[in-house]
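Dumped my_file01.csv below, it's CSV, C-alpha atoms:
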```csv
chain,number,residue,atom,x,y,z
F,30,MET,CA,119.3,-230.2,39.6
F,31,LYS,CA,121.7,-232.2,37.5
F,32,LEU,CA,125.2,-232.9,38.6
F,33,LYS,CA,126.7,-231.0,35.6
F,34,GLN,CA,124.6,-228.0,36.2
F,35,LEU,CA,125.6,-227.9,39.9
F,36,GLU,CA,129.3,-228.2,39.0
F,37,SER,CA,129.0,-225.5,36.5
F,38,LEU,CA,127.3,-223.1,38.9
F,39,LEU,CA,129.9,-223.7,41.6
F,40,GLY,CA,132.7,-223.2,39.0
F,41,ASP,CA,131.7,-219.5,38.8
F,42,LEU,CA,132.3,-218.8,42.5
F,43,GLU,CA,135.0,-216.5,43.6
F,44,GLN,CA,137.9,-218.1,45.4
F,45,PHE,CA,140.5,-216.9,48.0
F,46,SER,CA,142.4,-213.9,46.8
F,47,ASN,CA,144.9,-213.9,49.7
F,48,PRO,CA,144.8,-217.4,51.2
F,49,LYS,CA,146.1,-217.8,54.7
F,50,VAL,CA,148.3,-220.7,55.1
F,51,GLU,CA,148.0,-220.9,58.9
F,52,LEU,CA,144.3,-221.7,58.4
F,53,GLU,CA,145.1,-224.1,55.6
F,54,GLN,CA,142.8,-222.3,53.2
F,55,TYR,CA,142.5,-224.4,50.1
F,56,PRO,CA,139.5,-224.1,47.9
F,57,THR,CA,137.0,-226.9,47.6
F,58,GLY,CA,136.9,-227.3,43.8
F,59,PRO,CA,133.5,-227.5,42.0
F,60,HIS,CA,134.2,-231.0,40.9
F,61,ILE,CA,134.5,-232.4,44.4
F,62,ALA,CA,131.9,-230.1,46.0
F,63,SER,CA,129.2,-231.0,43.5
F,64,ARG,CA,129.9,-234.7,44.0
F,65,ILE,CA,129.7,-234.5,47.8
F,66,LEU,CA,126.4,-232.8,47.8
F,67,PHE,CA,125.0,-234.8,44.9
F,68,THR,CA,125.8,-238.0,46.8
F,69,ALA,CA,124.5,-236.7,50.1
F,70,HIS,CA,121.2,-235.7,48.4
F,71,ASN,CA,120.6,-238.6,46.0
F,72,SER,CA,122.0,-241.6,47.9
F,73,PHE,CA,121.1,-240.6,51.5
F,74,GLY,CA,118.5,-237.9,51.5
F,75,ASP,CA,120.6,-235.7,53.8
F,76,VAL,CA,120.1,-232.4,52.1
F,77,ASN,CA,116.7,-231.6,50.7
F,78,GLY,CA,114.5,-229.9,53.3
F,79,LYS,CA,117.2,-230.1,56.0
F,80,VAL,CA,119.2,-227.7,58.0
F,81,VAL,CA,122.8,-228.1,56.7
F,82,ALA,CA,125.9,-226.5,58.2
F,83,ASP,CA,129.2,-225.9,56.4
F,84,PHE,CA,132.1,-225.9,58.9
F,85,GLY,CA,135.1,-223.9,57.9
F,86,CYS,CA,133.2,-222.7,54.9
F,87,GLY,CA,136.0,-220.7,53.3
F,88,CYS,CA,134.6,-219.2,50.1
F,89,GLY,CA,131.3,-221.0,50.8
F,90,THR,CA,131.4,-223.6,48.0
F,91,LEU,CA,129.9,-226.5,50.0
F,92,GLY,CA,127.3,-224.4,51.6
F,93,ALA,CA,126.3,-223.0,48.3
F,94,ALA,CA,126.1,-226.5,46.9
F,95,ALA,CA,123.8,-227.5,49.7
F,96,ALA,CA,121.5,-224.6,49.1
F,97,LEU,CA,121.4,-225.4,45.4
F,98,MET,CA,120.5,-229.0,46.2
F,99,GLY,CA,117.5,-227.9,48.2
F,100,ALA,CA,118.6,-227.5,51.8
F,101,GLU,CA,115.9,-225.6,53.7
F,102,GLN,CA,118.5,-223.6,55.7
F,103,VAL,CA,122.3,-223.4,55.4
F,104,ILE,CA,124.6,-222.2,58.1
F,105,ALA,CA,128.1,-221.5,57.1
F,106,VAL,CA,130.7,-221.0,59.8
F,107,ASP,CA,134.3,-219.7,59.4
F,108,ILE,CA,136.9,-218.1,61.7
F,109,ASP,CA,138.1,-215.7,59.0
F,110,SER,CA,136.2,-212.5,58.1
F,111,ASP,CA,137.8,-212.3,54.7
F,112,SER,CA,136.5,-215.7,53.8
F,113,LEU,CA,133.0,-214.8,55.1
F,114,LYS,CA,133.1,-211.7,52.9
F,115,ILE,CA,133.8,-213.7,49.8
F,116,ALA,CA,131.4,-216.4,50.8
F,117,SER,CA,128.6,-213.9,51.2
F,118,HIS,CA,129.4,-212.3,47.8
F,119,ASN,CA,129.2,-215.8,46.3
F,120,ALA,CA,125.8,-216.4,47.9
F,121,GLU,CA,124.5,-213.1,46.6
F,122,ASP,CA,125.8,-213.9,43.1
F,123,LEU,CA,123.9,-217.2,43.1
F,124,GLU,CA,120.9,-215.5,44.8
F,125,LEU,CA,121.2,-218.0,47.7
F,126,ASP,CA,120.0,-217.2,51.2
F,127,ILE,CA,122.8,-218.5,53.6
F,128,ASN,CA,123.3,-217.8,57.3
F,129,PHE,CA,126.8,-216.9,58.1
F,130,LEU,CA,128.5,-217.1,61.5
F,131,GLN,CA,132.0,-216.1,62.5
F,132,CYS,CA,133.5,-218.5,65.0
F,133,ASP,CA,136.4,-220.8,65.6
F,134,VAL,CA,134.7,-224.2,65.0
F,135,LYS,CA,136.5,-225.8,67.9
F,136,ASN,CA,135.0,-223.2,70.3
F,137,LEU,CA,131.5,-223.3,69.0
F,138,GLY,CA,128.9,-223.0,71.8
F,139,TRP,CA,125.9,-224.8,70.4
F,140,ARG,CA,122.7,-226.1,71.9
F,141,GLY,CA,120.5,-228.9,70.8
F,142,HIS,CA,120.2,-230.6,67.4
F,143,ILE,CA,118.7,-228.1,65.1
F,144,VAL,CA,121.4,-228.9,62.4
F,145,ASP,CA,120.7,-232.1,60.6
F,146,THR,CA,123.7,-232.5,58.3
F,147,ILE,CA,127.2,-231.0,58.3
F,148,VAL,CA,129.3,-230.8,55.2
F,149,MET,CA,132.9,-229.8,55.5
F,150,ASN,CA,136.3,-229.7,54.0
F,151,PRO,CA,138.3,-229.2,57.2
F,152,PRO,CA,141.9,-228.1,57.5
F,153,PHE,CA,143.8,-231.4,57.0
F,154,GLY,CA,145.9,-230.7,60.1
F,155,THR,CA,149.2,-230.4,58.3
F,156,ARG,CA,149.9,-227.0,59.8
F,157,GLN,CA,147.9,-227.3,63.0
F,158,LYS,CA,148.1,-230.9,64.1
F,159,GLY,CA,144.8,-232.4,64.9
F,160,ALA,CA,142.7,-229.5,63.4
F,161,ASP,CA,140.7,-231.9,61.2
F,162,MET,CA,139.9,-234.1,64.2
F,163,GLU,CA,138.7,-231.1,66.2
F,164,PHE,CA,136.3,-230.2,63.3
F,165,LEU,CA,135.1,-233.8,63.2
F,166,HIS,CA,134.6,-234.0,66.9
F,167,MET,CA,132.5,-230.8,67.0
F,168,ALA,CA,130.5,-231.9,63.9
F,169,LEU,CA,129.6,-235.2,65.5
F,170,LYS,CA,128.4,-233.4,68.6
F,171,ILE,CA,126.2,-231.0,66.7
F,172,SER,CA,124.6,-232.8,63.8
F,173,SER,CA,121.6,-235.1,64.3
F,174,GLN,CA,121.7,-237.0,61.0
F,175,ALA,CA,125.0,-237.1,59.1
F,176,VAL,CA,128.5,-235.6,58.7
F,177,TYR,CA,130.2,-235.5,55.3
F,178,SER,CA,133.9,-234.7,55.5
F,179,LEU,CA,137.1,-234.9,53.5
F,180,HIS,CA,140.3,-236.4,55.1
F,181,LYS,CA,143.6,-237.5,53.7
F,182,THR,CA,143.5,-241.1,52.7
F,183,SER,CA,146.8,-241.7,54.5
F,184,THR,CA,144.9,-241.0,57.8
F,185,ARG,CA,142.0,-243.4,57.1
F,186,ASP,CA,142.5,-245.8,60.0
F,187,HIS,CA,143.1,-243.0,62.5
F,188,VAL,CA,139.9,-241.2,61.3
F,189,LYS,CA,137.8,-244.3,61.6
F,190,ARG,CA,139.1,-245.1,65.1
F,191,ALA,CA,138.7,-241.6,66.4
F,192,ALA,CA,135.2,-241.3,65.0
F,193,LEU,CA,133.8,-244.5,66.3
F,194,ARG,CA,135.8,-244.8,69.6
F,195,ASP,CA,136.4,-241.3,70.7
F,196,PHE,CA,133.6,-239.2,69.1
F,197,GLY,CA,130.8,-241.6,69.5
F,198,ALA,CA,129.8,-242.0,65.8
F,199,ILE,CA,127.6,-245.0,65.2
F,200,ASN,CA,128.8,-245.4,61.7
F,201,ALA,CA,131.8,-244.2,59.7
F,202,GLU,CA,132.1,-245.1,56.0
F,203,VAL,CA,134.4,-244.0,53.2
F,204,LEU,CA,132.1,-243.3,50.2
F,205,CYS,CA,134.9,-242.8,47.7
F,206,GLU,CA,138.5,-241.8,47.3
F,207,LEU,CA,139.1,-238.6,45.4
F,208,ARG,CA,142.0,-236.8,44.0
F,209,TYR,CA,142.3,-233.4,45.6
F,210,ASN,CA,144.1,-231.0,43.4
F,211,ILE,CA,146.4,-228.5,45.2
F,212,PRO,CA,147.4,-225.7,43.0
F,213,GLN,CA,150.7,-223.8,43.7
F,214,MET,CA,149.2,-221.3,46.1
F,215,TYR,CA,151.8,-220.8,48.8
F,216,SER,CA,155.5,-220.0,48.6
F,217,PHE,CA,156.5,-223.4,50.2
F,218,HIS,CA,154.8,-225.2,47.3
F,219,LYS,CA,157.7,-226.5,45.2
F,220,LYS,CA,155.6,-228.1,42.4
F,221,ARG,CA,153.2,-226.2,40.1
F,222,GLU,CA,150.4,-228.4,41.3
F,223,MET,CA,149.9,-231.8,42.9
F,224,ASP,CA,147.1,-234.2,43.6
F,225,ILE,CA,146.7,-235.7,47.0
F,226,ALA,CA,144.4,-238.7,47.8
F,227,VAL,CA,141.5,-237.8,50.0
F,228,ASP,CA,138.6,-239.8,51.3
F,229,LEU,CA,135.0,-238.6,51.3
F,230,TRP,CA,133.5,-239.9,54.5
F,231,ARG,CA,130.0,-240.1,55.8
F,232,PHE,CA,129.6,-240.4,59.5
F,233,VAL,CA,126.4,-241.0,61.5
F,234,PRO,CA,126.3,-239.3,64.9
F,235,LYS,CA,124.9,-240.7,68.0
F,236,VAL,CA,122.2,-238.3,69.2
F,237,ILE,CA,121.8,-237.8,72.9
F,238,GLU,CA,118.7,-235.9,73.6
F,239,ASP,CA,119.2,-232.7,75.7
F,240,MET,CA,117.5,-232.6,79.0
F,241,GLN,CA,115.5,-229.4,78.5
M,26,MET,CA,121.1,-213.4,61.9
M,27,ARG,CA,117.9,-215.4,62.0
M,28,LEU,CA,116.4,-216.5,65.3
M,29,LEU,CA,116.9,-220.0,64.1
M,30,THR,CA,120.6,-219.4,64.6
M,31,HIS,CA,120.0,-217.6,67.9
M,32,ASN,CA,118.1,-220.6,69.2
M,33,MET,CA,121.1,-222.8,69.0
M,34,LEU,CA,124.0,-220.5,69.8
M,35,SER,CA,125.3,-220.3,73.3
M,36,SER,CA,128.1,-218.4,74.9
M,37,ASN,CA,131.1,-220.6,75.2
M,38,ILE,CA,133.4,-218.4,77.3
M,39,LYS,CA,135.6,-220.3,79.7
M,40,GLY,CA,133.9,-220.7,83.1
M,41,VAL,CA,130.4,-220.0,81.8
M,42,THR,CA,128.1,-222.9,82.8
M,43,ASN,CA,124.9,-221.8,81.1
M,44,GLY,CA,125.5,-219.6,78.1
M,45,PHE,CA,122.0,-220.0,76.7
M,46,PRO,CA,120.0,-218.1,75.6
M,47,LEU,CA,122.1,-215.2,74.5
M,48,GLY,CA,120.6,-211.7,75.1
M,49,ILE,CA,120.0,-209.6,72.1
M,50,GLU,CA,120.8,-205.9,71.7
M,51,VAL,CA,119.0,-204.5,68.7
M,52,GLU,CA,120.3,-201.7,66.5
M,53,LYS,CA,118.6,-202.7,63.3
M,54,VAL,CA,116.2,-205.5,62.4
M,55,ILE,CA,115.3,-206.4,58.8
M,56,GLU,CA,112.7,-208.8,57.4
M,57,LYS,CA,113.2,-211.0,54.5
M,58,GLN,CA,110.5,-213.2,53.0
M,59,VAL,CA,111.0,-216.9,53.0
M,60,ASP,CA,108.8,-219.6,51.4
M,61,PHE,CA,106.4,-221.1,53.9
M,62,ASN,CA,107.1,-224.8,54.5
M,63,PRO,CA,104.8,-226.3,57.2
M,64,ASP,CA,106.5,-229.7,57.2
M,65,PHE,CA,109.8,-228.1,58.0
M,66,LEU,CA,108.3,-226.0,60.8
M,67,ARG,CA,106.6,-229.0,62.4
M,68,ASN,CA,110.0,-230.7,62.3
M,69,MET,CA,111.7,-227.7,63.8
M,70,PHE,CA,109.2,-227.2,66.5
M,71,ALA,CA,110.5,-230.2,68.5
M,72,LYS,CA,114.1,-228.9,68.3
M,73,VAL,CA,113.5,-225.3,69.2
M,74,GLU,CA,113.6,-223.9,72.7
M,75,TRP,CA,110.3,-222.1,72.7
M,76,LYS,CA,110.7,-219.6,75.5
M,77,ALA,CA,114.1,-218.4,74.0
M,78,LEU,CA,112.4,-217.9,70.7
M,79,VAL,CA,109.4,-216.0,72.2
M,80,ASP,CA,111.7,-213.7,74.1
M,81,ALA,CA,114.1,-213.1,71.2
M,82,ALA,CA,111.2,-212.3,68.8
M,83,ARG,CA,109.8,-209.9,71.3
M,84,THR,CA,113.1,-208.1,71.7
M,85,MET,CA,113.2,-207.8,67.9
M,86,GLY,CA,109.8,-206.2,68.0
M,87,TYR,CA,107.6,-209.2,67.2
M,88,ALA,CA,105.2,-210.1,70.0
M,89,GLU,CA,102.8,-212.3,68.2
M,90,LEU,CA,104.0,-215.7,69.5
M,91,PRO,CA,102.1,-217.4,72.4
M,92,GLU,CA,104.1,-217.7,75.6
M,93,GLU,CA,103.4,-221.5,75.7
M,94,ALA,CA,103.1,-223.8,72.7
M,95,ASP,CA,102.3,-227.5,72.3
M,96,LEU,CA,102.1,-230.0,69.5
M,97,SER,CA,98.3,-229.4,69.0
M,98,MET,CA,99.1,-225.9,67.7
M,99,LEU,CA,101.0,-227.3,64.8
M,100,GLU,CA,97.6,-228.0,63.2
M,101,SER,CA,96.9,-224.3,63.0
M,102,ASP,CA,98.1,-222.4,59.9
M,103,ASP,CA,97.9,-219.1,61.8
M,104,PHE,CA,100.2,-220.4,64.5
M,105,LEU,CA,102.6,-221.9,61.9
M,106,LYS,CA,102.8,-218.6,60.0
M,107,ARG,CA,103.7,-216.7,63.2
M,108,PHE,CA,106.3,-219.3,64.1
M,109,HIS,CA,107.7,-219.1,60.5
M,110,HIS,CA,107.9,-215.4,60.6
M,111,ALA,CA,109.8,-215.4,64.0
M,112,LEU,CA,112.1,-218.2,63.2
M,113,LEU,CA,113.1,-217.4,59.6
M,114,GLU,CA,112.0,-214.0,58.5
M,115,LEU,CA,113.3,-211.7,61.2
M,116,HIS,CA,117.0,-210.9,61.0
M,117,LEU,CA,119.2,-209.1,63.4
M,118,GLU,CA,121.2,-207.0,60.9
M,119,GLU,CA,123.1,-204.8,63.4
M,120,GLY,CA,123.5,-205.2,67.1
M,121,ALA,CA,125.0,-207.7,69.5
M,122,LEU,CA,124.4,-211.0,71.3
M,123,VAL,CA,125.0,-210.8,75.0
M,124,CYS,CA,126.4,-213.7,77.2
M,125,PRO,CA,123.7,-214.2,79.9
M,126,GLU,CA,126.4,-214.8,82.7
M,127,THR,CA,129.2,-212.4,82.0
M,128,GLY,CA,127.5,-209.7,79.9
M,129,ARG,CA,130.2,-210.0,77.3
M,130,LYS,CA,128.9,-208.7,73.9
M,131,PHE,CA,129.3,-210.5,70.6
M,132,PRO,CA,128.8,-208.0,67.8
M,133,VAL,CA,126.5,-208.7,64.9
M,134,ASN,CA,127.5,-206.7,61.8
M,135,LYS,CA,125.8,-207.0,58.4
M,136,GLY,CA,123.8,-209.9,59.8
M,137,ILE,CA,126.9,-212.0,60.8
M,138,PRO,CA,127.4,-212.7,64.5
M,139,ASN,CA,131.1,-212.6,65.6
M,140,MET,CA,131.4,-215.3,68.2
M,141,LEU,CA,135.3,-215.3,68.2
M,142,LEU,CA,136.7,-215.6,71.7
M,143,LEU,CA,139.7,-213.8,73.0
M,144,GLU,CA,142.7,-215.8,74.1
M,145,ASP,CA,141.8,-215.6,77.8
M,146,GLU,CA,138.2,-216.6,77.2
M,147,VAL,CA,139.1,-220.0,75.7
```

Can I see the file as structure tokens?
Amino acid sequence: MKLKQLESLLGDLEQFSNPKVELEQYPTGPHIASRILFTAHNSFGDVNGKVVADFGCGCGTLGAAAALMGAEQVIAVDIDSDSLKIASHNAEDLELDINFLQCDVKNLGWRGHIVDTIVMNPPFGTRQKGADMEFLHMALKISSQAVYSLHKTSTRDHVKRAALRDFGAINAEVLCELRYNIPQMYSFHKKREMDIAVDLWRFVPKVIEDMQ
Amino acid sequence: MRLLTHNMLSSNIKGVTNGFPLGIEVEKVIEKQVDFNPDFLRNMFAKVEWKALVDAARTMGYAELPEEADLSMLESDDFLKRFHHALLELHLEEGALVCPETGRKFPVNKGIPNMLLLEDEV
């Protein structure tokens, strides 16, 4: 699949109708989502034939992108049933077969390393401090191959330190800096829209084999 | 919910020491065809907890998996097809997952397990 084709398919997906600010629900736009999965597939071979999980899937854009790029199985996790409804409609519209799971990512009970790759656009932690780090911590525990995640560029040093020192990642690399467009979605947004700088990261987890 | 998902989910209620495997209460099972990919299955075999898969498949009405399995079986197409069917084609559409220690039920509706914990379970 070509990048343009992927972006255009993702552009047709339904987005949040009543976004919930406490969950920091912001859509992952088709431009960013297509580039994340395209890079993961083309530069690193982390998607095709793999089990890919989308943490905090929201409307399911990243999970759908993973399925379109040839992931063998996609597991999309979100805490919010309204999001999961939209995400499953979106999967149906694109005729994609995606596994959904309702759970708070930070409380996931998960055995083994069946998931190869995790892609996520976590809450940036502006409402619930540290939410993005909880996602990253869990992702690095569960995946066996790679974690792709977006974090605010202003937190770059902190993210790197936490990943390598606290969460046991063996590699943490910023692949590129992106402009994340935030439309005027919530009443506290004063401007019509704004761009914030975010980093696209690729982390490599340290895999400790289970004793079973 | 596929048994692939079941094979990695465990109950994470506060105080539970071994939340795996979750029991399954079946209300409705459906089957969906998936493309057969032997390489993927061989790769998955090493990561799957076999006994949990066998028991879960049986609960879902599919008793065609051998109790024990080893790497030599991955040469057999017949074995791989059974493994494929159990892991990827059976879906728990309605029912519940049950914590093996506390008996707490996690509902599965429209194929989506709800693993949300209550405040006092975190």

Counting all atoms listed in the file, note down every residue that has an atom within 12 Å of the point (109.1, -220.1, 54.6) (file coordinates), as a ChimeraX atom specification.
-> /F:78,101-102,126 /M:57-66,105-115

Non-local contacts of Leu204 (chain F) (8 Å; only C-alpha atoms; under 5 positions in same chain excluded) as a PyMOL selection string = chain F and resi 228-231

Smallest atom-to-atom distance to Ser35 (chain M): which of M:Gly48, M:Pro91, M:Gly86, M:Pro132, using all atoms listed in the file?
-> M:Gly48

Counting all atoms listed in the file, the option among F:Val80, F:Ile199, F:Leu169, F:Val233 closest to Ile104 (chain F) |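 The closest residue to Ile104 (chain F) is F:Val80.
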
So that each row is one residue of chain F with an atom at most 7 Å from chain M, can you give its shortest atom pair and the distance in Å to one decimal, using only C-alpha atoms, rows by chain and rising number, as CSV?
```
residue,atom,partner,partner_atom,distance
F:Gly78,CA,M:Phe65,CA,6.9
F:Asn128,CA,M:Met26,CA,6.7
F:Phe129,CA,M:Ile137,CA,5.6
F:Leu130,CA,M:Ile137,CA,5.4
F:Gln131,CA,M:Asn139,CA,4.8
F:Cys132,CA,M:Leu141,CA,4.9
F:Asp133,CA,M:Leu141,CA,6.2
F:Asn136,CA,M:Asn37,CA,6.8
F:Leu137,CA,M:Asn37,CA,6.8
F:Gly138,CA,M:Asn37,CA,4.7
F:Trp139,CA,M:Leu34,CA,4.7
F:Arg140,CA,M:Met33,CA,4.7
F:Gly141,CA,M:Met33,CA,6.4
F:His142,CA,M:Lys72,CA,6.4
F:Ile143,CA,M:Lys72,CA,5.7
```

Residue nearest Ala81 (chain M) among M:Leu122, M:Leu143, M:Ile49, M:Leu96 (counting all atoms listed in the file) |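 Among the listed residues, the smallest separation from Ala81 (chain M) belongs to M:Ile49.
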
Could you check how far CA of Val50 (chain F) sits from CA of Phe84 (chain F), in Å to one decimal?
->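 If I compute the distance from CA of Val50 (chain F) to CA of Phe84 (chain F), I get 17.4 Å.
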